[in-house]
file start-v8.txt (compact mmCIF, C-alpha atoms)
# COMPACT_ATOMS: atom_id res chain seq x y z
CA MET A 408 80.16 -79.69 151.56
CA SER A 409 83.38 -79.35 149.60
CA ASP A 410 83.36 -83.13 149.27
CA ARG A 411 80.16 -83.07 147.30
CA LYS A 412 81.57 -80.51 144.88
CA ASP A 413 84.63 -82.65 144.29
CA GLY A 414 82.54 -85.73 143.89
CA GLU A 415 80.28 -84.33 141.24
CA ASN A 416 83.04 -84.77 138.73
CA GLY A 417 83.77 -88.38 139.68
CA SER A 418 81.57 -91.41 139.41
CA PHE A 419 79.35 -92.55 142.24
CA GLU A 420 81.81 -95.32 143.05
CA ALA A 421 84.68 -92.86 143.38
CA ARG A 422 82.65 -90.62 145.67
CA LEU A 423 81.56 -93.57 147.75
CA THR A 424 85.12 -94.80 148.09
CA ALA A 425 86.33 -91.36 149.07
CA ALA A 426 83.55 -90.98 151.65
CA ARG A 427 84.19 -94.43 153.09
CA ALA A 428 87.91 -93.78 153.31
CA LYS A 429 87.23 -90.47 155.06
CA GLN A 430 85.04 -92.19 157.64
CA GLY A 431 87.61 -94.93 158.08
CA MET A 432 85.09 -97.57 157.10
CA ASP A 433 87.33 -99.42 154.71
CA PRO A 434 89.79 -101.36 156.82
CA LYS A 435 93.20 -101.33 155.26
CA PRO A 436 93.77 -104.73 153.70
CA VAL A 437 95.65 -106.92 156.09
CA ASP A 438 99.02 -107.06 154.43
CA MET A 439 100.41 -110.13 156.07
CA SER A 440 103.42 -110.41 153.84
CA LYS A 441 105.18 -107.48 155.46
CA GLY A 442 105.53 -105.92 158.89
CA ILE A 443 105.27 -108.37 161.74
CA SER A 444 105.51 -111.40 159.49
CA GLY A 445 108.70 -113.36 158.95
CA ASN A 446 110.65 -110.25 158.09
CA SER A 447 111.68 -109.03 161.52
CA ALA A 448 115.30 -109.74 162.34
CA LEU A 449 114.44 -111.89 165.35
CA SER A 450 112.13 -114.25 163.51
CA VAL A 451 114.45 -114.54 160.52
CA GLY A 452 117.27 -115.35 162.91
CA LEU A 453 115.25 -118.01 164.69
CA ARG A 454 114.09 -119.50 161.40
CA VAL A 455 117.60 -119.68 160.00
CA GLY A 456 118.83 -121.31 163.18
CA THR A 457 116.23 -124.06 163.21
CA GLU A 458 116.66 -124.68 159.47
CA MET A 459 120.39 -125.31 159.86
CA VAL A 460 120.13 -127.44 162.97
CA SER A 461 117.25 -129.56 161.70
CA ALA A 462 118.96 -130.29 158.38
CA LEU A 463 122.08 -131.33 160.25
CA ALA A 464 120.01 -133.52 162.59
CA VAL A 465 118.18 -135.18 159.71
CA GLY A 466 121.49 -135.82 157.95
CA ALA A 467 123.05 -137.32 161.04
CA GLY A 468 119.95 -139.41 161.77
CA LEU A 469 119.81 -140.69 158.20
CA GLY A 470 123.51 -141.55 158.22
CA TYR A 471 123.22 -143.35 161.55
CA ALA A 472 120.18 -145.35 160.41
CA LEU A 473 121.83 -146.34 157.12
CA ASP A 474 124.99 -147.33 158.99
CA ARG A 475 123.04 -149.60 161.30
CA TRP A 476 121.17 -151.11 158.40
CA LEU A 477 124.17 -151.64 156.10
CA ARG A 478 126.69 -152.20 158.93
CA THR A 479 129.07 -149.66 157.45
CA SER A 480 129.56 -147.66 160.64
CA PRO A 481 130.99 -144.99 160.75
CA LEU A 482 131.37 -144.36 157.01
CA LEU A 483 127.88 -143.17 156.07
CA LEU A 484 127.36 -141.25 159.32
CA SER A 485 130.38 -139.07 158.66
CA LEU A 486 129.34 -138.62 155.04
CA PHE A 487 125.73 -137.69 155.86
CA VAL A 488 126.72 -135.25 158.60
CA LEU A 489 128.59 -133.32 155.94
CA MET A 490 125.64 -133.63 153.57
CA GLY A 491 123.31 -132.45 156.34
CA GLY A 492 125.47 -129.40 156.94
CA ALA A 493 125.39 -128.62 153.23
CA ALA A 494 121.62 -129.09 153.20
CA GLY A 495 121.37 -126.71 156.14
CA VAL A 496 123.26 -124.04 154.25
CA ALA A 497 121.07 -124.71 151.19
CA ASN A 498 117.97 -124.28 153.39
CA VAL A 499 119.23 -120.97 154.74
CA TRP A 500 120.04 -119.84 151.22
CA ARG A 501 116.49 -120.69 150.19
CA VAL A 502 114.97 -118.87 153.18
CA LEU A 503 116.85 -115.68 152.36
CA THR A 504 116.25 -115.72 148.60
CA VAL A 505 112.67 -117.00 148.43
CA LYS A 506 111.17 -113.50 148.26
CA LYS A 507 113.24 -112.43 145.25
CA PRO A 508 111.15 -113.81 142.33
CA LYS A 509 107.97 -112.24 143.70
CA ALA A 510 109.48 -108.77 143.91
CA GLU A 511 110.42 -108.81 140.25
CA MET B 1037 114.83 -128.15 207.87
CA ALA B 1038 112.21 -128.09 205.13
CA ALA B 1039 113.24 -128.82 201.58
CA GLU B 1040 114.44 -125.82 199.67
CA PRO B 1041 111.77 -124.51 197.33
CA SER B 1042 112.71 -125.49 193.81
CA ILE B 1043 111.53 -124.42 190.40
CA ASP B 1044 109.56 -127.09 188.61
CA ALA B 1045 109.54 -125.49 185.16
CA LEU B 1046 108.65 -128.59 183.15
CA GLY B 1047 105.88 -130.02 185.32
CA GLN B 1048 103.33 -127.90 183.50
CA PHE B 1049 103.82 -129.92 180.32
CA LYS B 1050 102.91 -133.23 181.95
CA LEU B 1051 99.94 -134.98 180.42
CA GLU B 1052 97.14 -135.99 182.75
CA THR B 1053 93.80 -137.52 182.02
CA SER B 1054 90.80 -135.26 182.11
CA LEU B 1055 87.01 -135.65 182.27
CA GLY B 1056 87.17 -137.88 185.35
CA ALA B 1057 86.91 -141.68 185.25
CA LEU B 1058 85.55 -141.78 181.72
CA GLY B 1059 88.52 -139.81 180.39
CA ALA B 1060 90.95 -141.92 182.40
CA SER B 1061 89.59 -145.14 180.91
CA VAL B 1062 90.40 -144.03 177.35
CA ASN B 1063 93.44 -141.87 178.23
CA PHE B 1064 91.69 -138.68 177.21
CA THR B 1065 94.27 -136.08 178.28
CA GLN B 1066 93.88 -132.41 179.03
CA SER B 1067 95.76 -131.85 175.77
CA ASN B 1068 92.96 -133.58 173.84
CA LEU B 1069 90.40 -131.60 175.80
CA MET B 1070 92.09 -128.32 174.82
CA MET B 1071 92.15 -129.41 171.18
CA LEU B 1072 88.40 -130.03 171.31
CA ILE B 1073 87.83 -126.65 172.96
CA ALA B 1074 89.97 -124.93 170.32
CA GLY B 1075 88.07 -126.64 167.53
CA GLY B 1076 84.77 -125.68 169.12
CA LEU B 1077 85.84 -122.05 169.51
CA ILE B 1078 86.97 -121.80 165.88
CA LEU B 1079 83.65 -123.22 164.72
CA ALA B 1080 81.78 -120.88 167.06
CA LEU B 1081 83.71 -117.87 165.77
CA LEU B 1082 82.77 -118.64 162.19
CA VAL B 1083 79.21 -119.88 162.72
CA ILE B 1084 78.06 -117.38 165.35
CA GLY B 1085 80.17 -114.58 163.88
CA MET B 1086 78.70 -114.94 160.40
CA ARG B 1087 75.12 -115.50 161.57
CA PRO B 1088 74.01 -111.82 161.29
CA LYS B 1089 75.09 -111.78 157.61
CA ALA B 1090 75.24 -107.99 157.95
CA ILE B 1091 76.60 -105.84 155.12
CA VAL B 1092 78.25 -103.61 157.70
CA PRO B 1093 79.71 -106.25 160.00
CA GLY B 1094 79.61 -106.15 163.75
CA ARG B 1095 82.70 -106.91 165.81
CA LEU B 1096 82.52 -110.68 165.76
CA GLN B 1097 81.54 -110.78 162.11
CA ALA B 1098 84.40 -108.41 161.26
CA LEU B 1099 86.80 -110.71 163.09
CA ALA B 1100 85.51 -113.74 161.23
CA GLU B 1101 85.75 -111.90 157.90
CA ILE B 1102 89.28 -110.64 158.54
CA ALA B 1103 90.31 -114.16 159.54
CA TYR B 1104 88.84 -115.59 156.36
CA ASP B 1105 90.16 -112.85 154.06
CA GLY B 1106 93.62 -112.76 155.62
CA ILE B 1107 94.27 -116.45 155.09
CA HIS B 1108 92.54 -116.39 151.70
CA SER B 1109 94.81 -113.63 150.37
CA MET B 1110 97.83 -115.30 151.94
CA CYS B 1111 97.08 -118.49 150.01
CA ILE B 1112 96.69 -116.62 146.73
CA GLU B 1113 99.77 -114.46 147.28
CA GLN B 1114 102.02 -117.31 148.23
CA ILE B 1115 100.75 -120.17 146.07
CA GLY B 1116 99.08 -118.29 143.21
CA GLU B 1117 95.56 -118.71 141.85
CA GLU B 1118 95.73 -122.45 142.51
CA GLY B 1119 96.11 -121.55 146.17
CA LYS B 1120 92.35 -121.31 146.58
CA ARG B 1121 92.17 -125.09 146.52
CA TYR B 1122 94.37 -125.36 149.59
CA PHE B 1123 92.72 -122.53 151.50
CA PRO B 1124 90.63 -124.78 153.78
CA PHE B 1125 93.72 -126.76 154.73
CA VAL B 1126 95.83 -123.70 155.54
CA PHE B 1127 92.94 -122.01 157.35
CA THR B 1128 92.42 -125.03 159.57
CA LEU B 1129 96.11 -125.34 160.37
CA PHE B 1130 96.53 -121.65 161.15
CA PHE B 1131 93.57 -121.47 163.51
CA PHE B 1132 94.24 -124.80 165.17
CA VAL B 1133 97.79 -123.69 165.96
CA MET B 1134 96.85 -120.14 166.92
CA PHE B 1135 94.02 -121.15 169.25
CA GLY B 1136 96.31 -123.74 170.80
CA ASN B 1137 98.93 -121.08 171.44
CA LEU B 1138 96.47 -118.50 172.75
CA LEU B 1139 94.41 -120.87 174.92
CA GLY B 1140 97.64 -122.07 176.48
CA LEU B 1141 98.23 -118.58 177.86
CA LEU B 1142 95.10 -118.78 180.02
CA PRO B 1143 95.67 -119.86 183.62
CA PHE B 1144 95.00 -123.55 184.40
CA SER B 1145 94.92 -124.43 180.73
CA PHE B 1146 97.33 -126.50 178.69
CA THR B 1147 99.29 -125.65 175.55
CA TYR B 1148 98.96 -128.61 173.22
CA THR B 1149 101.35 -126.97 170.73
CA SER B 1150 104.13 -127.31 173.33
CA HIS B 1151 104.35 -131.04 172.63
CA ILE B 1152 106.62 -132.12 169.81
CA ALA B 1153 104.29 -135.07 169.17
CA VAL B 1154 101.50 -132.66 168.26
CA THR B 1155 103.57 -130.21 166.21
CA PHE B 1156 105.48 -132.96 164.42
CA GLY B 1157 102.20 -134.66 163.62
CA LEU B 1158 100.91 -131.43 162.07
CA ALA B 1159 104.18 -130.86 160.17
CA LEU B 1160 104.04 -134.45 158.88
CA ILE B 1161 100.52 -133.87 157.56
CA VAL B 1162 101.78 -130.72 155.81
CA ILE B 1163 104.70 -132.45 154.15
CA VAL B 1164 102.70 -135.52 153.13
CA VAL B 1165 99.98 -133.32 151.63
CA ALA B 1166 102.57 -131.22 149.78
CA THR B 1167 104.30 -134.32 148.41
CA VAL B 1168 101.02 -135.92 147.33
CA VAL B 1169 99.97 -132.69 145.65
CA ALA B 1170 103.30 -132.50 143.81
CA LEU B 1171 103.08 -136.13 142.72
CA ARG B 1172 99.51 -135.71 141.50
CA ILE B 1173 100.25 -132.56 139.52
CA HIS B 1174 103.68 -133.44 138.13
CA GLY B 1175 103.80 -137.20 138.39
CA LEU B 1176 107.32 -138.60 138.30
CA HIS B 1177 108.51 -135.25 137.01
CA PHE B 1178 108.38 -134.25 140.70
CA PHE B 1179 111.70 -135.99 141.28
CA THR B 1180 113.49 -133.42 139.16
CA TYR B 1181 112.90 -131.18 142.16
CA PHE B 1182 115.90 -132.87 143.74
CA PHE B 1183 118.16 -131.96 140.85
CA PRO B 1184 117.90 -128.36 139.70
CA GLU B 1185 118.02 -127.79 135.97
CA GLY B 1186 121.31 -126.60 134.56
CA ALA B 1187 123.43 -128.00 137.37
CA PRO B 1188 126.47 -129.88 136.09
CA LYS B 1189 125.83 -133.62 135.89
CA ALA B 1190 129.07 -134.37 137.67
CA LEU B 1191 127.71 -132.79 140.85
CA ALA B 1192 124.62 -135.03 140.94
CA PRO B 1193 125.97 -137.42 143.61
CA ILE B 1194 126.37 -134.44 145.95
CA ILE B 1195 123.36 -132.33 145.02
CA ILE B 1196 120.74 -135.07 145.09
CA PRO B 1197 121.41 -136.31 148.66
CA VAL B 1198 121.73 -132.72 149.87
CA GLU B 1199 118.37 -131.81 148.31
CA ILE B 1200 116.73 -134.92 149.73
CA ILE B 1201 118.02 -134.15 153.22
CA SER B 1202 116.90 -130.57 152.81
CA TYR B 1203 113.43 -131.77 151.83
CA LEU B 1204 113.25 -134.22 154.73
CA SER B 1205 114.37 -131.55 157.19
CA ARG B 1206 111.31 -129.42 156.46
CA PRO B 1207 108.88 -131.13 158.84
CA VAL B 1208 111.60 -131.28 161.49
CA SER B 1209 112.35 -127.56 161.42
CA LEU B 1210 108.64 -126.71 161.11
CA SER B 1211 107.69 -128.68 164.20
CA ILE B 1212 110.73 -127.85 166.32
CA ARG B 1213 110.28 -124.12 165.75
CA LEU B 1214 106.70 -124.10 166.99
CA CYS B 1215 107.27 -126.47 169.87
CA ALA B 1216 110.46 -124.77 171.06
CA ASN B 1217 108.86 -121.33 171.02
CA MET B 1218 105.93 -122.49 173.11
CA VAL B 1219 108.04 -124.44 175.58
CA ALA B 1220 110.50 -121.55 176.01
CA GLY B 1221 107.73 -119.04 176.70
CA HIS B 1222 105.96 -121.20 179.24
CA VAL B 1223 109.16 -122.17 181.01
CA MET B 1224 109.99 -118.48 181.36
CA PHE B 1225 106.54 -117.81 182.83
CA GLU B 1226 107.02 -120.60 185.33
CA VAL B 1227 110.51 -119.48 186.34
CA PHE B 1228 109.57 -115.86 186.89
CA ALA B 1229 106.38 -116.83 188.70
CA SER B 1230 108.44 -119.05 191.00
CA PHE B 1231 110.77 -116.12 191.63
CA ILE B 1232 107.81 -114.06 192.85
CA VAL B 1233 106.84 -116.67 195.43
CA MET B 1234 110.41 -117.48 196.45
CA MET B 1235 111.40 -113.85 196.94
CA ALA B 1236 108.26 -112.94 198.86
CA ALA B 1237 108.62 -115.96 201.15
CA SER B 1238 112.39 -115.68 201.58
CA THR B 1239 113.53 -115.45 205.20
CA MET B 1240 116.86 -113.98 204.16
CA LEU B 1241 115.31 -111.01 202.38
CA GLY B 1242 112.62 -110.51 205.05
CA GLN B 1243 110.29 -107.58 204.44
CA PHE B 1244 112.40 -106.45 201.51
CA GLY B 1245 111.49 -109.67 199.68
CA VAL B 1246 107.90 -108.57 199.11
CA VAL B 1247 109.15 -105.37 197.47
CA ALA B 1248 111.73 -107.23 195.41
CA ALA B 1249 109.07 -109.66 194.23
CA VAL B 1250 107.54 -106.85 192.21
CA GLY B 1251 110.47 -107.19 189.79
CA PRO B 1252 109.69 -110.67 188.40
CA MET B 1253 106.00 -109.83 188.52
CA VAL B 1254 106.53 -106.90 186.14
CA LEU B 1255 108.71 -109.11 183.96
CA ASN B 1256 105.91 -111.68 183.77
CA ILE B 1257 103.42 -109.05 182.69
CA VAL B 1258 105.76 -107.86 179.94
CA LEU B 1259 106.37 -111.47 178.98
CA MET B 1260 102.64 -112.06 178.62
CA GLY B 1261 102.42 -109.33 176.00
CA PHE B 1262 105.39 -110.81 174.21
CA GLU B 1263 103.88 -114.28 174.34
CA LEU B 1264 100.64 -113.02 172.80
CA LEU B 1265 102.72 -111.78 169.87
CA VAL B 1266 104.64 -115.05 169.65
CA ALA B 1267 101.39 -117.05 169.74
CA PHE B 1268 100.13 -115.23 166.66
CA LEU B 1269 103.50 -115.07 164.95
CA GLN B 1270 104.25 -118.77 165.26
CA ALA B 1271 100.83 -119.72 163.93
CA TYR B 1272 101.43 -117.30 161.07
CA VAL B 1273 104.88 -118.70 160.34
CA PHE B 1274 103.47 -122.23 160.39
CA ALA B 1275 100.75 -121.28 157.92
CA ILE B 1276 103.01 -119.31 155.61
CA LEU B 1277 105.60 -122.08 155.47
CA THR B 1278 102.79 -124.49 154.62
CA CYS B 1279 101.91 -122.14 151.78
CA ILE B 1280 105.53 -121.97 150.61
CA TYR B 1281 105.81 -125.76 150.60
CA LEU B 1282 102.54 -126.02 148.68
CA HIS B 1283 103.84 -123.40 146.25
CA ASP B 1284 106.93 -125.55 145.67
CA ALA B 1285 104.65 -128.54 145.19
CA VAL B 1286 102.46 -126.77 142.64
CA HIS B 1287 105.20 -124.98 140.70
CA LEU B 1288 108.19 -127.22 141.51
CA HIS B 1289 110.97 -124.63 141.15

call {"tool": "encode", "arguments": {"input": "start-v8.txt", "output": "structure tokens"}}
result
Amino acid sequence: MSDRKDGENGSFEARLTAARAKQGMDPKPVDMSKGISGNSALSVGLRVGTEMVSALAVGAGLGYALDRWLRTSPLLLSLFVLMGGAAGVANVWRVLTVKKPKAE
Amino acid sequence: MAAEPSIDALGQFKLETSLGALGASVNFTQSNLMMLIAGGLILALLVIGMRPKAIVPGRLQALAEIAYDGIHSMCIEQIGEEGKRYFPFVFTLFFFVMFGNLLGLLPFSFTYTSHIAVTFGLALIVIVVATVVALRIHGLHFFTYFFPEGAPKALAPIIIPVEIISYLSRPVSLSIRLCANMVAGHVMFEVFASFIVMMAASTMLGQFGVVAAVGPMVLNIVLMGFELLVAFLQAYVFAILTCIYLHDAVHLH
């Protein structure tokens, strides 16, 4: 009964929202950006690991392919492995800073 | 003496033809069959779930609505208002991957997301779509993505190859992450399940073996709960990374 008294001051919408919330009819919006998403330490760790390794692998693969094509073995392979490592670090940097602009 | 029982952890990933002689003649594997089943189930969830068109949804309708709304808001949050255009793409990817992961947990089924060919194919679609979107929106301006504004010109010979490798490594890390997670989970299932049988049948342990076999059994049950989480989480990560790549494509920096 006290609800109705409170509600008389507010609009119908406000009363309806309050009543629905009380009955638990409005499901909380599924906030997928937090909680079990990519923010848990385990998943961030796994993500960072694969980012680094895959960049290194792509760098090495690219260097090897270019070497075979241009017959410059082992010059480009050694160069691209370094580049791949740098790209891996850049990937990790991007993973860990990507949320920043949205929070501002 | 009979051969020692061994653990065949990778045999479960072997492709075999399904649907009898007809399937064999066109190499229709159990992986393809599971993909069809997953597609059918997703369609069924949306079509049958939304059929009542109730204002207060029933269980199935609520599930369908949460699925739709969840991905819809994820697209808008991650990509921005333009994200609505890519919602069907992300929705399809998320549910195709998630149903693949979840169906694979059923006994006698097959996890098509455990094959790198499948996951790399999906990741390749993602990266090609993102690149085409970027080229259509920004034209040749897209290539400035590989050289961030304000960086000293002298560093260009280092930054540009590094950025290109970083861009090319996206589909690789996207596909390896999904595939490796699925393979690891299913190998662990197989190993612990083999432990149950081996311990219970062990002549060395005798009667005690049956009791000891409870250990790996409990582990497998716990693992199943964990794998259910991983099945959802990996599909979610796949979808959200798709969104992030599309965001980069739409906004460049």

call {"tool": "atom_distance", "arguments": {"input": "start-v8.txt", "atom1": "CA of Thr1065 in chain B", "atom2": "CA of Leu1129 in chain B"}}
result
21.0 Å

call {"tool": "closest_atom_pairs", "arguments": {"input": "start-v8.txt", "of": "chain B", "to": "chain A", "cutoff": "8 Å", "atoms": "only C-alpha atoms", "output": "Markdown table"}}
result
| residue | atom | partner | partner_atom | distance |
| --- | --- | --- | --- | --- |
| B:Ile1102 | CA | A:Val437 | CA | 7.8 |
| B:Gly1106 | CA | A:Val437 | CA | 6.2 |
| B:Met1110 | CA | A:Met439 | CA | 7.1 |
| B:Ile1194 | CA | A:Met490 | CA | 7.7 |
| B:Pro1197 | CA | A:Met490 | CA | 7.0 |
| B:Val1198 | CA | A:Ala494 | CA | 4.9 |
| B:Glu1199 | CA | A:Ala494 | CA | 6.5 |
| B:Ile1201 | CA | A:Gly466 | CA | 6.1 |
| B:Ser1202 | CA | A:Ala494 | CA | 5.0 |
| B:Leu1204 | CA | A:Val465 | CA | 7.1 |
| B:Ser1205 | CA | A:Ala462 | CA | 4.9 |
| B:Arg1206 | CA | A:Glu458 | CA | 7.8 |
| B:Val1208 | CA | A:Ser461 | CA | 5.9 |
| B:Ser1209 | CA | A:Ser461 | CA | 5.3 |
| B:Ile1212 | CA | A:Thr457 | CA | 7.4 |
| B:Arg1213 | CA | A:Thr457 | CA | 6.5 |
| B:Leu1269 | CA | A:Ser444 | CA | 6.9 |
| B:Tyr1272 | CA | A:Ser444 | CA | 7.3 |
| B:Val1273 | CA | A:Gly445 | CA | 6.7 |

call {"tool": "residues_around", "arguments": {"input": "start-v8.txt", "residues": "Leu484 in chain A", "least_positions_apart": "4", "cutoff": "7 Å", "atoms": "all atoms listed in the file", "output": "count of residues only"}}
result
6

call {"tool": "atom_distance", "arguments": {"input": "start-v8.txt", "atom1": "CA of Ala1248 in chain B", "atom2": "CA of Ile1043 in chain B"}}
result
17.9 Å

call {"tool": "atom_distance", "arguments": {"input": "start-v8.txt", "atom1": "CA of Val1133 in chain B", "atom2": "CA of Thr1149 in chain B"}}
result
6.8 Å

call {"tool": "residues_near_point", "arguments": {"input": "start-v8.txt", "point": "(97.2, -123.2, 169.5)", "cutoff": "9 Å", "atoms": "all atoms listed in the file", "output": "ChimeraX atom specification"}}
result
/B:1070-1071,1074,1130-1140,1147-1150,1267-1268,1271

call {"tool": "residues_around", "arguments": {"input": "start-v8.txt", "residues": "Ser1211 in chain B", "least_positions_apart": "3", "cutoff": "9 Å", "atoms": "all atoms listed in the file", "output": "VMD selection string"}}
result
chain B and resid 1152 to 1160 1206 to 1208 1214 to 1216 1274

call {"tool": "closest_residue", "arguments": {"input": "start-v8.txt", "among": "B:Val1254, B:Ala1090, B:Cys1111, B:Leu1069", "to": "Cys1279 in chain B", "atoms": "all atoms listed in the file"}}
result
B:Cys1111

call {"tool": "residues_around", "arguments": {"input": "start-v8.txt", "residues": "Ala1098 in chain B", "least_positions_apart": "6", "cutoff": "9 Å", "atoms": "only C-alpha atoms", "output": "list in words"}}
result
Gly1085, Met1086 and Val1092 of chain B

call {"tool": "residues_near_point", "arguments": {"input": "start-v8.txt", "point": "(85.2, -115.3, 165.7)", "cutoff": "8 Å", "atoms": "only C-alpha atoms", "output": "number ranges by chain"}}
result
B: 1077-1078, 1080-1082, 1084-1085, 1096-1097, 1099-1100

call {"tool": "residues_around", "arguments": {"input": "start-v8.txt", "residues": "range 1232-1239 of chain B", "least_positions_apart": "4", "cutoff": "6 Å", "atoms": "all atoms listed in the file", "output": "PyMOL selection string"}}
result
chain B and resi 1245-1246+1249+1252

call {"tool": "write_last_selection", "arguments": {"input": "start-v8.txt", "atoms": "C-alpha atoms", "output": "PDB file, keeping the file's coordinate frame"}}
result
ATOM      1  CA  GLY B1245     111.490-109.670 199.680  1.00  0.00           C
ATOM      2  CA  VAL B1246     107.900-108.570 199.110  1.00  0.00           C
ATOM      3  CA  ALA B1249     109.070-109.660 194.230  1.00  0.00           C
ATOM      4  CA  PRO B1252     109.690-110.670 188.400  1.00  0.00           C
TER       5      PRO B1252
END

call {"tool": "residues_around", "arguments": {"input": "start-v8.txt", "residues": "Gln1114 in chain B", "least_positions_apart": "3", "cutoff": "12 Å", "atoms": "only C-alpha atoms", "output": "PyMOL selection string"}}
result
(chain A and resi 439-440+505-506+508-509) or (chain B and resi 1107-1111+1117-1120+1122-1123+1126+1275-1287)

call {"tool": "decode", "arguments": {"input": "start-v8.txt", "residues": "range 1234-1255 of chain B", "atoms": "N, CA and C atoms", "output": "PDB file, in the first residue's frame"}}
result
ATOM      1  N   MET B1234      41.312 -46.915 -17.031  1.00  0.00           N
ATOM      2  CA  MET B1234      42.588 -47.581 -16.751  1.00  0.00           C
ATOM      3  C   MET B1234      42.740 -47.908 -15.270  1.00  0.00           C
ATOM      4  N   MET B1235      42.314 -46.998 -14.412  1.00  0.00           N
ATOM      5  CA  MET B1235      42.440 -47.248 -12.976  1.00  0.00           C
ATOM      6  C   MET B1235      41.499 -48.354 -12.532  1.00  0.00           C
ATOM      7  N   ALA B1236      40.265 -48.308 -13.040  1.00  0.00           N
ATOM      8  CA  ALA B1236      39.280 -49.305 -12.617  1.00  0.00           C
ATOM      9  C   ALA B1236      39.665 -50.692 -13.103  1.00  0.00           C
ATOM     10  N   ALA B1237      40.323 -50.781 -14.254  1.00  0.00           N
ATOM     11  CA  ALA B1237      40.663 -52.076 -14.831  1.00  0.00           C
ATOM     12  C   ALA B1237      42.058 -52.540 -14.425  1.00  0.00           C
ATOM     13  N   SER B1238      42.793 -51.690 -13.705  1.00  0.00           N
ATOM     14  CA  SER B1238      44.179 -52.006 -13.391  1.00  0.00           C
ATOM     15  C   SER B1238      44.283 -53.237 -12.503  1.00  0.00           C
ATOM     16  N   THR B1239      45.170 -54.165 -12.883  1.00  0.00           N
ATOM     17  CA  THR B1239      45.380 -55.366 -12.062  1.00  0.00           C
ATOM     18  C   THR B1239      46.270 -55.065 -10.877  1.00  0.00           C
ATOM     19  N   MET B1240      47.105 -54.031 -11.031  1.00  0.00           N
ATOM     20  CA  MET B1240      48.036 -53.693  -9.956  1.00  0.00           C
ATOM     21  C   MET B1240      47.287 -53.090  -8.767  1.00  0.00           C
ATOM     22  N   LEU B1241      46.303 -52.216  -9.092  1.00  0.00           N
ATOM     23  CA  LEU B1241      45.564 -51.561  -8.025  1.00  0.00           C
ATOM     24  C   LEU B1241      44.488 -52.470  -7.439  1.00  0.00           C
ATOM     25  N   GLY B1242      44.001 -53.439  -8.240  1.00  0.00           N
ATOM     26  CA  GLY B1242      42.989 -54.375  -7.746  1.00  0.00           C
ATOM     27  C   GLY B1242      41.699 -53.658  -7.381  1.00  0.00           C
ATOM     28  N   GLN B1243      41.117 -54.067  -6.252  1.00  0.00           N
ATOM     29  CA  GLN B1243      39.846 -53.482  -5.823  1.00  0.00           C
ATOM     30  C   GLN B1243      39.973 -51.987  -5.569  1.00  0.00           C
ATOM     31  N   PHE B1244      41.153 -51.585  -5.114  1.00  0.00           N
ATOM     32  CA  PHE B1244      41.357 -50.174  -4.800  1.00  0.00           C
ATOM     33  C   PHE B1244      41.195 -49.293  -6.042  1.00  0.00           C
ATOM     34  N   GLY B1245      41.453 -49.879  -7.213  1.00  0.00           N
ATOM     35  CA  GLY B1245      41.388 -49.112  -8.459  1.00  0.00           C
ATOM     36  C   GLY B1245      40.024 -48.505  -8.700  1.00  0.00           C
ATOM     37  N   VAL B1246      38.963 -49.252  -8.366  1.00  0.00           N
ATOM     38  CA  VAL B1246      37.606 -48.745  -8.597  1.00  0.00           C
ATOM     39  C   VAL B1246      37.376 -47.500  -7.752  1.00  0.00           C
ATOM     40  N   VAL B1247      37.889 -47.562  -6.495  1.00  0.00           N
ATOM     41  CA  VAL B1247      37.735 -46.396  -5.608  1.00  0.00           C
ATOM     42  C   VAL B1247      38.549 -45.227  -6.146  1.00  0.00           C
ATOM     43  N   ALA B1248      39.778 -45.522  -6.565  1.00  0.00           N
ATOM     44  CA  ALA B1248      40.658 -44.453  -7.042  1.00  0.00           C
ATOM     45  C   ALA B1248      40.105 -43.813  -8.301  1.00  0.00           C
ATOM     46  N   ALA B1249      39.339 -44.586  -9.079  1.00  0.00           N
ATOM     47  CA  ALA B1249      38.814 -44.064 -10.337  1.00  0.00           C
ATOM     48  C   ALA B1249      37.818 -42.939 -10.114  1.00  0.00           C
ATOM     49  N   VAL B1250      37.319 -42.828  -8.884  1.00  0.00           N
ATOM     50  CA  VAL B1250      36.388 -41.730  -8.593  1.00  0.00           C
ATOM     51  C   VAL B1250      37.094 -40.388  -8.782  1.00  0.00           C
ATOM     52  N   GLY B1251      38.394 -40.351  -8.488  1.00  0.00           N
ATOM     53  CA  GLY B1251      39.159 -39.102  -8.592  1.00  0.00           C
ATOM     54  C   GLY B1251      39.052 -38.451  -9.956  1.00  0.00           C
ATOM     55  N   PRO B1252      39.521 -39.115 -11.027  1.00  0.00           N
ATOM     56  CA  PRO B1252      39.414 -38.510 -12.360  1.00  0.00           C
ATOM     57  C   PRO B1252      37.978 -38.260 -12.788  1.00  0.00           C
ATOM     58  N   MET B1253      37.066 -39.096 -12.276  1.00  0.00           N
ATOM     59  CA  MET B1253      35.652 -38.886 -12.622  1.00  0.00           C
ATOM     60  C   MET B1253      35.180 -37.519 -12.110  1.00  0.00           C
ATOM     61  N   VAL B1254      35.521 -37.237 -10.830  1.00  0.00           N
ATOM     62  CA  VAL B1254      35.141 -35.939 -10.247  1.00  0.00           C
ATOM     63  C   VAL B1254      35.800 -34.815 -11.033  1.00  0.00           C
ATOM     64  N   LEU B1255      37.071 -35.015 -11.381  1.00  0.00           N
ATOM     65  CA  LEU B1255      37.778 -33.998 -12.159  1.00  0.00           C
ATOM     66  C   LEU B1255      37.068 -33.719 -13.476  1.00  0.00           C
TER      67      LEU B1255
END
